[in-house]
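Data block below; observations after.
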Amino acid sequence: MASQTPALPESFTPGTDSVFSDRSGFFSMDTNIPGLSKVILNKLNMKDYGEYRAAVEGKRPKGISFKDYKEMFQRMEDTFKFCTGCNSLPEHLREGQSLKRCVKCLNVYYCTKECQTKNWPVHKKVCKILRLVAIDRLMEWLTSRGDLPFTTNVWNKPVSEVKCWDDWLSMQGDLSTRLDGIMACPNMETLWKNASRPRPEDTDLRQSIWRIQSEFLSRVLTVGMAIQQFHLDPYSKPLTIHIVGASHNETMGARLTDFDELNHMFQKHDGIEVVMVGPEVVDGPIMRPPLRAFGPRQRVFMSAHKGLYHQFWEDIVETQEGARPDLVVGFHPGFHANQGLIEGWLPTLLLLRDYNIPTLFTVFNEDELKYSLQILLELEMNILDSGANPFSSQKAEQVQSSPNTLPVYCSSHFVRFQGLQPREEFAEPPTGAS
Ligand SMILES: [Zn+2]
Ligand SMILES: [Zn+2]
């Protein structure tokens with residue numbers, strides 16, 4: 001009997017930290033196909049190398065390498081190949097049977113016509129958006145090649161007047177030259193020559209470029225929004241911002257310039273330092289110690305530290321090897337997901353609360369926001385604000401193992417909190433009363 005639970009998640013169980021021991025082998029794939037490790041992990045919704053390893057184990061036990069781009073894109077696509085109706089993986093199919101793609105979205109697969117017909121009432125609700133998801137999935141490769149993100153303009157409006165994407169876009173002038181440049185780049189041609197689907201219309205591609213750009217900018221604009229909402233003043237002193245629970249999503253392929261939009265936002269600021277901290281931080285150019293003293297004015301200084309935040313606090317902040325943060329931001333900390341994660345996050349959450357640190361976390365959807373709020377309230381956090389993030393990523397993200405679920409958006413919602421809930425004042429009980 002076909003189970004309602006997708007077959008894939010079992011092999012996608014997140015691994016422990018130990019899986020990182022042979023990650024160097026994983027990243028060496030990049031020597032064959034530049035940017036591949038980033039594509040595989042970051043672009044296929046995989047949390048970490050452990051998930052990736054589980055997915056490929058048994059298929060290619062050793063020395064993963066791809067002979068060309070065609071194979072790389074094919075392998076990427078392969079991780080999405082299972083019957084959306086009955087969850088059959090290719091190896092479950094009978095002799096002569098093969099998975100066929102939905103011709104509308106070119107994203108989900110079916111083992112038989114029956115499976116597809118039966119699944120259509122559910123799939124038709126997401127088929128349209130999944131078509132875009134499948135395009136973005138391929139187009140994201142361009143970010144690993146440096147063709148994206150495109151350059152942005154200095155802000156000509158005060159930060160307080162830029163409240164949503166439309167406000168931001170209105171400061172960018174005509175985007176078409178920048179989009180034309182990307183449309184004409186050699187990697188765009190390589191991509192569609194080798195992808196396992198025909199090149200979509202130019203309008204589709206241009207919209208996809210924007211969605212991917214928005215995902216990149218979403219993080220930095222969310223940080224900027226938090227600076228503003230907490231009334232932090234980057235003109236009166238240098239600011240230190242910690243990105244807590246940073247994972248491969250933020251750090252793989254991260255460049256020293258990734259938060260430079262803050263320079264456009266707060267021109268001539270006194271110096272902004274961004275420190276990524278998390279056990280899944282990936283090595284790269286930003287891997288360097290935080291600033292001991294104030295950094296250069298009008299510049300963003302990025303660094304990263306691999307480890308748990310409360311440990312970082314003890315080792316670096318307490319010893320004054322790094323500054324105490326003016327703001328802490330977490331992108332999808334995900335502590336609501338299970339008991340283990342809550343326990344892992346607890347020391348950090350208590351530390352943030354007890355040191356009264358202005359904090360903003362983002363989540364993928366409204367449900368996650370609800371569960372996160374519950375946990376924060378149980379910890380007696382002083383919640384200041386929560387809701388939809390005006391700078392949510394515009395790129396839909398497929399729940400890989402369950403394609404018919406409504407796609408999610410990175411940082412779509414946020415919660416902002418600081419310190420302990422104020423206690424209600426009660427009148428002192430009269431002395432001697434009993
Ligand atoms: Zn099936
Ligand atoms: Zn479809």
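Quick note on naming: the chains in the structure tokens go A, B, ... in the order shown, residues restart at 1 in each chain, and ligands are numbered from 1 in order of appearance.
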Got a sec to tell me which of region 258-299 of chain A DSSP assigns to strand (DSSP E or B), as an NGL selection string?
-> :A and (272-278)
Selection near region 278-293 of chain A, 7 Å with only C-alpha atoms, sequence-local residues under 4 positions removed, as a ChimeraX atom specification = /A:244-248,251-256,302-309,321-323
Output file for the residues above (N, CA and C atoms, as a PDB file, in the first residue's frame):
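Wrote part.pdb, looks like this:
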ATOM      1  N   VAL A 244      22.757  34.742  14.306  1.00  0.00           N
ATOM      2  CA  VAL A 244      22.857  33.562  15.155  1.00  0.00           C
ATOM      3  C   VAL A 244      22.262  32.339  14.448  1.00  0.00           C
ATOM      4  N   GLY A 245      22.867  31.193  14.685  1.00  0.00           N
ATOM      5  CA  GLY A 245      22.388  29.978  14.028  1.00  0.00           C
ATOM      6  C   GLY A 245      22.643  30.006  12.527  1.00  0.00           C
ATOM      7  N   ALA A 246      23.668  30.747  12.118  1.00  0.00           N
ATOM      8  CA  ALA A 246      23.972  30.833  10.686  1.00  0.00           C
ATOM      9  C   ALA A 246      24.348  29.447  10.177  1.00  0.00           C
ATOM     10  N   SER A 247      23.864  29.102   9.003  1.00  0.00           N
ATOM     11  CA  SER A 247      24.129  27.771   8.450  1.00  0.00           C
ATOM     12  C   SER A 247      24.741  27.936   7.066  1.00  0.00           C
ATOM     13  N   HIS A 248      24.761  26.842   6.319  1.00  0.00           N
ATOM     14  CA  HIS A 248      25.316  26.933   4.971  1.00  0.00           C
ATOM     15  C   HIS A 248      24.523  27.916   4.111  1.00  0.00           C
ATOM     16  N   THR A 251      26.215  31.118   4.787  1.00  0.00           N
ATOM     17  CA  THR A 251      27.678  31.202   4.767  1.00  0.00           C
ATOM     18  C   THR A 251      28.358  30.499   3.598  1.00  0.00           C
ATOM     19  N   MET A 252      27.662  29.554   2.967  1.00  0.00           N
ATOM     20  CA  MET A 252      28.333  28.879   1.855  1.00  0.00           C
ATOM     21  C   MET A 252      28.457  29.843   0.675  1.00  0.00           C
ATOM     22  N   GLY A 253      29.673  30.041   0.242  1.00  0.00           N
ATOM     23  CA  GLY A 253      29.902  30.961  -0.869  1.00  0.00           C
ATOM     24  C   GLY A 253      29.705  32.415  -0.485  1.00  0.00           C
ATOM     25  N   ALA A 254      29.579  32.681   0.836  1.00  0.00           N
ATOM     26  CA  ALA A 254      29.362  34.061   1.272  1.00  0.00           C
ATOM     27  C   ALA A 254      30.580  34.902   0.906  1.00  0.00           C
ATOM     28  N   ARG A 255      30.300  36.121   0.512  1.00  0.00           N
ATOM     29  CA  ARG A 255      31.391  37.019   0.147  1.00  0.00           C
ATOM     30  C   ARG A 255      31.460  38.159   1.156  1.00  0.00           C
ATOM     31  N   LEU A 256      32.600  38.809   1.220  1.00  0.00           N
ATOM     32  CA  LEU A 256      32.788  39.896   2.187  1.00  0.00           C
ATOM     33  C   LEU A 256      31.831  41.053   1.921  1.00  0.00           C
ATOM     34  N   MET A 302      32.458  41.814   7.615  1.00  0.00           N
ATOM     35  CA  MET A 302      31.818  40.512   7.873  1.00  0.00           C
ATOM     36  C   MET A 302      32.819  39.506   8.404  1.00  0.00           C
ATOM     37  N   SER A 303      32.348  38.689   9.337  1.00  0.00           N
ATOM     38  CA  SER A 303      33.178  37.576   9.791  1.00  0.00           C
ATOM     39  C   SER A 303      32.267  36.414  10.160  1.00  0.00           C
ATOM     40  N   ALA A 304      32.866  35.267  10.402  1.00  0.00           N
ATOM     41  CA  ALA A 304      32.060  34.096  10.745  1.00  0.00           C
ATOM     42  C   ALA A 304      32.774  33.258  11.790  1.00  0.00           C
ATOM     43  N   HIS A 305      31.981  32.594  12.609  1.00  0.00           N
ATOM     44  CA  HIS A 305      32.522  31.753  13.672  1.00  0.00           C
ATOM     45  C   HIS A 305      31.712  30.467  13.705  1.00  0.00           C
ATOM     46  N   LYS A 306      32.402  29.345  13.596  1.00  0.00           N
ATOM     47  CA  LYS A 306      31.705  28.058  13.619  1.00  0.00           C
ATOM     48  C   LYS A 306      31.589  27.563  15.050  1.00  0.00           C
ATOM     49  N   GLY A 307      30.383  27.454  15.530  1.00  0.00           N
ATOM     50  CA  GLY A 307      30.177  26.982  16.897  1.00  0.00           C
ATOM     51  C   GLY A 307      28.824  27.423  17.407  1.00  0.00           C
ATOM     52  N   LEU A 308      28.471  26.938  18.587  1.00  0.00           N
ATOM     53  CA  LEU A 308      27.189  27.324  19.192  1.00  0.00           C
ATOM     54  C   LEU A 308      27.296  28.738  19.749  1.00  0.00           C
ATOM     55  N   TYR A 309      26.176  29.432  19.711  1.00  0.00           N
ATOM     56  CA  TYR A 309      26.226  30.841  20.066  1.00  0.00           C
ATOM     57  C   TYR A 309      26.597  31.086  21.522  1.00  0.00           C
ATOM     58  N   GLU A 321      37.027  39.612  23.241  1.00  0.00           N
ATOM     59  CA  GLU A 321      37.725  39.449  21.965  1.00  0.00           C
ATOM     60  C   GLU A 321      36.840  39.920  20.820  1.00  0.00           C
ATOM     61  N   GLY A 322      35.597  40.067  21.121  1.00  0.00           N
ATOM     62  CA  GLY A 322      34.647  40.596  20.141  1.00  0.00           C
ATOM     63  C   GLY A 322      33.642  41.459  20.891  1.00  0.00           C
ATOM     64  N   ALA A 323      32.978  42.334  20.138  1.00  0.00           N
ATOM     65  CA  ALA A 323      32.046  43.262  20.783  1.00  0.00           C
ATOM     66  C   ALA A 323      30.745  42.569  21.159  1.00  0.00           C
TER      67      ALA A 323
END
What residues of the protein or nucleic acid chains come within 8 Å of ligand 1 when you use only C-alpha atoms and all ligand atoms? Reply as an mmCIF file with C-alpha atoms, in the first residue's frame.
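Result written to out00.cif:
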data_model
loop_
_atom_site.group_PDB
_atom_site.id
_atom_site.type_symbol
_atom_site.label_atom_id
_atom_site.label_comp_id
_atom_site.auth_asym_id
_atom_site.auth_seq_id
_atom_site.Cartn_x
_atom_site.Cartn_y
_atom_site.Cartn_z
ATOM 1 C CA CYS A 83 6.195 9.706 -7.863
ATOM 2 C CA THR A 84 4.231 12.539 -6.315
ATOM 3 C CA GLY A 85 1.209 10.247 -6.217
ATOM 4 C CA CYS A 86 2.524 7.130 -4.496
ATOM 5 C CA ASN A 87 6.050 8.224 -3.486
ATOM 6 C CA SER A 88 7.736 5.516 -5.535
ATOM 7 C CA TYR A 110 4.425 10.307 -11.730
ATOM 8 C CA CYS A 111 4.937 6.591 -12.151
ATOM 9 C CA THR A 112 1.656 6.029 -14.007
ATOM 10 C CA GLU A 114 -3.421 6.677 -12.803
ATOM 11 C CA CYS A 115 -1.181 8.186 -10.153
ATOM 12 C CA GLN A 116 -1.211 11.499 -11.991
#
Nearest to Asn107 (chain A) among A:Arg178, A:Lys128, A:His332, A:Lys193, with distances taken over only C-alpha atoms: which residue is it?
-> A:Lys128
For each of A:Leu179, A:Met276, A:Ile129, A:Val154, take the minimum atom-to-atom distance to ligand 2, counting only C-alpha atoms and all ligand atoms, then give the residue where this is smallest.
-> A:Ile129
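Compared by their closest atoms to ligand 2, and using only C-alpha atoms and all ligand atoms, the residues A:Lys370, A:Lys67, A:Lys104, A:His413 rank with A:Lys104 nearest.
One distance worth recording is that between CA of Phe331 (chain A) and CA of Ser392 (chain A), which is 11.2 Å.
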Please provide as a list in words all residues within 7 Å of Arg416 (chain A), with the sequence filter that same-chain residues fewer than 6 positions apart are discarded (counting only C-alpha atoms).
->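 Surrounding residues, per the criterion: Thr359, Leu360, Phe361, Ile383, Leu384, Asp385 and Ser386 of chain A.
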Leu217 (chain A) surroundings by only C-alpha atoms, 10 Å radius, close-in-sequence under 4 positions cut, as a tab-separated table (two decimals) with C-alpha atoms, in the first residue's frame:
chain	number	residue	atom	x	y	z
A	149	PRO	CA	23.06	39.33	-7.49
A	152	THR	CA	22.07	48.06	-6.59
A	211	ARG	CA	13.00	36.54	-7.39
A	212	ILE	CA	16.51	35.22	-6.84
A	213	GLN	CA	17.82	38.74	-6.28
A	221	LEU	CA	17.03	44.31	4.22
A	222	THR	CA	15.56	42.36	7.12
A	223	VAL	CA	18.63	43.26	9.18
A	258	ASP	CA	27.17	40.31	1.03
A	259	PHE	CA	25.83	42.91	3.46
A	260	ASP	CA	26.97	45.96	1.51
A	261	GLU	CA	23.38	46.98	0.89
A	391	PHE	CA	11.13	42.09	2.87
A	392	SER	CA	10.29	38.43	2.59
A	393	SER	CA	12.03	36.60	-0.22
Within 12 Å of ligand 2: each chain A residue with its shortest pair, only C-alpha atoms and all ligand atoms, as JSON lines:
{"residue": "A:Thr84", "atom": "CA", "partner": "ligand 2", "partner_atom_place_in_ligand_line": "1 (Zn)", "distance": 10.1}
{"residue": "A:Gly85", "atom": "CA", "partner": "ligand 2", "partner_atom_place_in_ligand_line": "1 (Zn)", "distance": 11.9}
{"residue": "A:Lys100", "atom": "CA", "partner": "ligand 2", "partner_atom_place_in_ligand_line": "1 (Zn)", "distance": 11.0}
{"residue": "A:Arg101", "atom": "CA", "partner": "ligand 2", "partner_atom_place_in_ligand_line": "1 (Zn)", "distance": 7.8}
{"residue": "A:Cys102", "atom": "CA", "partner": "ligand 2", "partner_atom_place_in_ligand_line": "1 (Zn)", "distance": 4.6}
{"residue": "A:Val103", "atom": "CA", "partner": "ligand 2", "partner_atom_place_in_ligand_line": "1 (Zn)", "distance": 6.4}
{"residue": "A:Lys104", "atom": "CA", "partner": "ligand 2", "partner_atom_place_in_ligand_line": "1 (Zn)", "distance": 4.9}
{"residue": "A:Cys105", "atom": "CA", "partner": "ligand 2", "partner_atom_place_in_ligand_line": "1 (Zn)", "distance": 4.0}
{"residue": "A:Leu106", "atom": "CA", "partner": "ligand 2", "partner_atom_place_in_ligand_line": "1 (Zn)", "distance": 6.3}
{"residue": "A:Asn107", "atom": "CA", "partner": "ligand 2", "partner_atom_place_in_ligand_line": "1 (Zn)", "distance": 6.3}
{"residue": "A:Val108", "atom": "CA", "partner": "ligand 2", "partner_atom_place_in_ligand_line": "1 (Zn)", "distance": 6.0}
{"residue": "A:Tyr109", "atom": "CA", "partner": "ligand 2", "partner_atom_place_in_ligand_line": "1 (Zn)", "distance": 8.4}
{"residue": "A:Tyr110", "atom": "CA", "partner": "ligand 2", "partner_atom_place_in_ligand_line": "1 (Zn)", "distance": 10.2}
{"residue": "A:Gln116", "atom": "CA", "partner": "ligand 2", "partner_atom_place_in_ligand_line": "1 (Zn)", "distance": 9.5}
{"residue": "A:Thr117", "atom": "CA", "partner": "ligand 2", "partner_atom_place_in_ligand_line": "1 (Zn)", "distance": 11.4}
{"residue": "A:Asn119", "atom": "CA", "partner": "ligand 2", "partner_atom_place_in_ligand_line": "1 (Zn)", "distance": 10.1}
{"residue": "A:Trp120", "atom": "CA", "partner": "ligand 2", "partner_atom_place_in_ligand_line": "1 (Zn)", "distance": 8.3}
{"residue": "A:Pro121", "atom": "CA", "partner": "ligand 2", "partner_atom_place_in_ligand_line": "1 (Zn)", "distance": 11.0}
{"residue": "A:Val122", "atom": "CA", "partner": "ligand 2", "partner_atom_place_in_ligand_line": "1 (Zn)", "distance": 10.2}
{"residue": "A:His123", "atom": "CA", "partner": "ligand 2", "partner_atom_place_in_ligand_line": "1 (Zn)", "distance": 6.5}
{"residue": "A:Lys124", "atom": "CA", "partner": "ligand 2", "partner_atom_place_in_ligand_line": "1 (Zn)", "distance": 6.7}
{"residue": "A:Lys125", "atom": "CA", "partner": "ligand 2", "partner_atom_place_in_ligand_line": "1 (Zn)", "distance": 9.1}
{"residue": "A:Val126", "atom": "CA", "partner": "ligand 2", "partner_atom_place_in_ligand_line": "1 (Zn)", "distance": 7.3}
{"residue": "A:Cys127", "atom": "CA", "partner": "ligand 2", "partner_atom_place_in_ligand_line": "1 (Zn)", "distance": 3.9}
{"residue": "A:Lys128", "atom": "CA", "partner": "ligand 2", "partner_atom_place_in_ligand_line": "1 (Zn)", "distance": 6.8}
{"residue": "A:Ile129", "atom": "CA", "partner": "ligand 2", "partner_atom_place_in_ligand_line": "1 (Zn)", "distance": 8.8}
{"residue": "A:Leu130", "atom": "CA", "partner": "ligand 2", "partner_atom_place_in_ligand_line": "1 (Zn)", "distance": 6.8}
{"residue": "A:Arg131", "atom": "CA", "partner": "ligand 2", "partner_atom_place_in_ligand_line": "1 (Zn)", "distance": 6.9}
{"residue": "A:Leu132", "atom": "CA", "partner": "ligand 2", "partner_atom_place_in_ligand_line": "1 (Zn)", "distance": 10.6}
{"residue": "A:Val133", "atom": "CA", "partner": "ligand 2", "partner_atom_place_in_ligand_line": "1 (Zn)", "distance": 11.0}
{"residue": "A:Ala134", "atom": "CA", "partner": "ligand 2", "partner_atom_place_in_ligand_line": "1 (Zn)", "distance": 10.3}
{"residue": "A:Pro403", "atom": "CA", "partner": "ligand 2", "partner_atom_place_in_ligand_line": "1 (Zn)", "distance": 9.7}
{"residue": "A:Asn404", "atom": "CA", "partner": "ligand 2", "partner_atom_place_in_ligand_line": "1 (Zn)", "distance": 9.3}
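Distances here use only C-alpha atoms; by that measure, the residue among A:Asp180, A:Ile243, A:Gln207, A:Ser401 closest to Leu89 (chain A) is A:Ser401.
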Those in region 158-286 of chain A with alpha helix (DSSP H) from DSSP, as number ranges by chain | A: 165-170, 176-183, 186-194, 202-229, 248-251, 261-265
With a distance cut-off of 12 Å and only C-alpha atoms, select the neighbouring residues of Gln298 (chain A), excluding the residue or stretch itself and same-chain residues fewer than 2 positions from it, and output the selection as an mmCIF file with C-alpha atoms, in the first residue's frame.
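Resulting contents of out.cif:
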data_model
loop_
_atom_site.group_PDB
_atom_site.id
_atom_site.type_symbol
_atom_site.label_atom_id
_atom_site.label_comp_id
_atom_site.auth_asym_id
_atom_site.auth_seq_id
_atom_site.Cartn_x
_atom_site.Cartn_y
_atom_site.Cartn_z
ATOM 1 C CA PRO A 234 24.486 53.552 13.013
ATOM 2 C CA TYR A 235 25.535 57.221 12.875
ATOM 3 C CA LYS A 237 28.489 54.603 16.992
ATOM 4 C CA PRO A 238 29.619 51.472 15.152
ATOM 5 C CA LEU A 239 27.093 48.638 15.303
ATOM 6 C CA ASP A 260 26.966 45.957 1.512
ATOM 7 C CA GLU A 261 23.385 46.978 0.888
ATOM 8 C CA LEU A 262 23.611 48.344 4.457
ATOM 9 C CA ASN A 263 26.078 50.920 3.093
ATOM 10 C CA HIS A 264 23.437 52.016 0.593
ATOM 11 C CA MET A 265 20.860 52.098 3.307
ATOM 12 C CA PHE A 266 22.801 53.951 6.010
ATOM 13 C CA GLN A 267 25.215 56.054 3.998
ATOM 14 C CA LYS A 268 28.294 57.295 5.871
ATOM 15 C CA HIS A 269 27.491 55.174 8.917
ATOM 16 C CA ASP A 270 30.041 54.727 11.682
ATOM 17 C CA GLY A 271 30.902 51.144 10.770
ATOM 18 C CA ILE A 272 28.755 48.011 10.853
ATOM 19 C CA GLU A 273 30.085 44.619 11.813
ATOM 20 C CA PHE A 294 35.966 49.473 15.859
ATOM 21 C CA GLY A 295 36.195 48.693 12.196
ATOM 22 C CA PRO A 296 36.418 51.063 9.298
ATOM 23 C CA VAL A 300 30.441 46.642 6.586
ATOM 24 C CA PHE A 301 32.886 44.153 8.071
#
Taking into account only C-alpha atoms, which residue in the set A:Tyr69, A:Phe150, A:Trp155, A:Trp210 is nearest to Asp136 (chain A)?
->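 Closest residue, counting only C-alpha atoms: A:Trp210.
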Counting only C-alpha atoms, what is within 10 Å of Thr143 (chain A), bar same-chain residues fewer than 2 positions away, as a PyMOL selection string?
-> chain A and resi 35+38-39+139-141+145-150+209+212-213+216+253
Please produce an output containing C-alpha atoms for each residue in the selection, written as a PDB file, in the first residue's frame.
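Everything below was put into out29.pdb:
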ATOM      1  CA  GLY A  35      29.855  25.971  -7.538  1.00  0.00           C
ATOM      2  CA  LYS A  38      26.656  25.234  -3.211  1.00  0.00           C
ATOM      3  CA  VAL A  39      24.130  24.290  -5.828  1.00  0.00           C
ATOM      4  CA  MET A 139      18.548  29.860 -12.358  1.00  0.00           C
ATOM      5  CA  GLU A 140      20.037  29.945  -8.866  1.00  0.00           C
ATOM      6  CA  TRP A 141      23.098  28.325 -10.305  1.00  0.00           C
ATOM      7  CA  ARG A 145      28.822  31.692 -10.824  1.00  0.00           C
ATOM      8  CA  GLY A 146      28.753  35.319  -9.695  1.00  0.00           C
ATOM      9  CA  ASP A 147      26.278  36.534 -12.324  1.00  0.00           C
ATOM     10  CA  LEU A 148      23.792  37.309  -9.581  1.00  0.00           C
ATOM     11  CA  PRO A 149      23.063  39.333  -7.488  1.00  0.00           C
ATOM     12  CA  PHE A 150      23.130  42.404  -9.684  1.00  0.00           C
ATOM     13  CA  ILE A 209      16.244  36.814 -11.854  1.00  0.00           C
ATOM     14  CA  ILE A 212      16.509  35.221  -6.841  1.00  0.00           C
ATOM     15  CA  GLN A 213      17.821  38.735  -6.280  1.00  0.00           C
ATOM     16  CA  PHE A 216      19.656  37.509  -1.593  1.00  0.00           C
ATOM     17  CA  GLY A 253      29.902  30.961  -0.869  1.00  0.00           C
TER      18      GLY A 253
END
Closest of A:Lys163, A:Arg199, A:Arg353, A:Arg324 to Ile135 (chain A), counting only C-alpha atoms, is A:Arg199
With a distance cut-off of 12 Å and only C-alpha atoms, select the neighbouring residues of Ile357 (chain A), excluding the residue or stretch itself and same-chain residues fewer than 6 positions from it, and output the selection as a count of residues only.
-> 22
Kindly give the distance, in Å, that separates CA of Leu341 (chain A) and CA of Asn249 (chain A), rounded to a single decimal.
->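 Result for CA of Leu341 (chain A) versus CA of Asn249 (chain A): 17.7 Å, one decimal.
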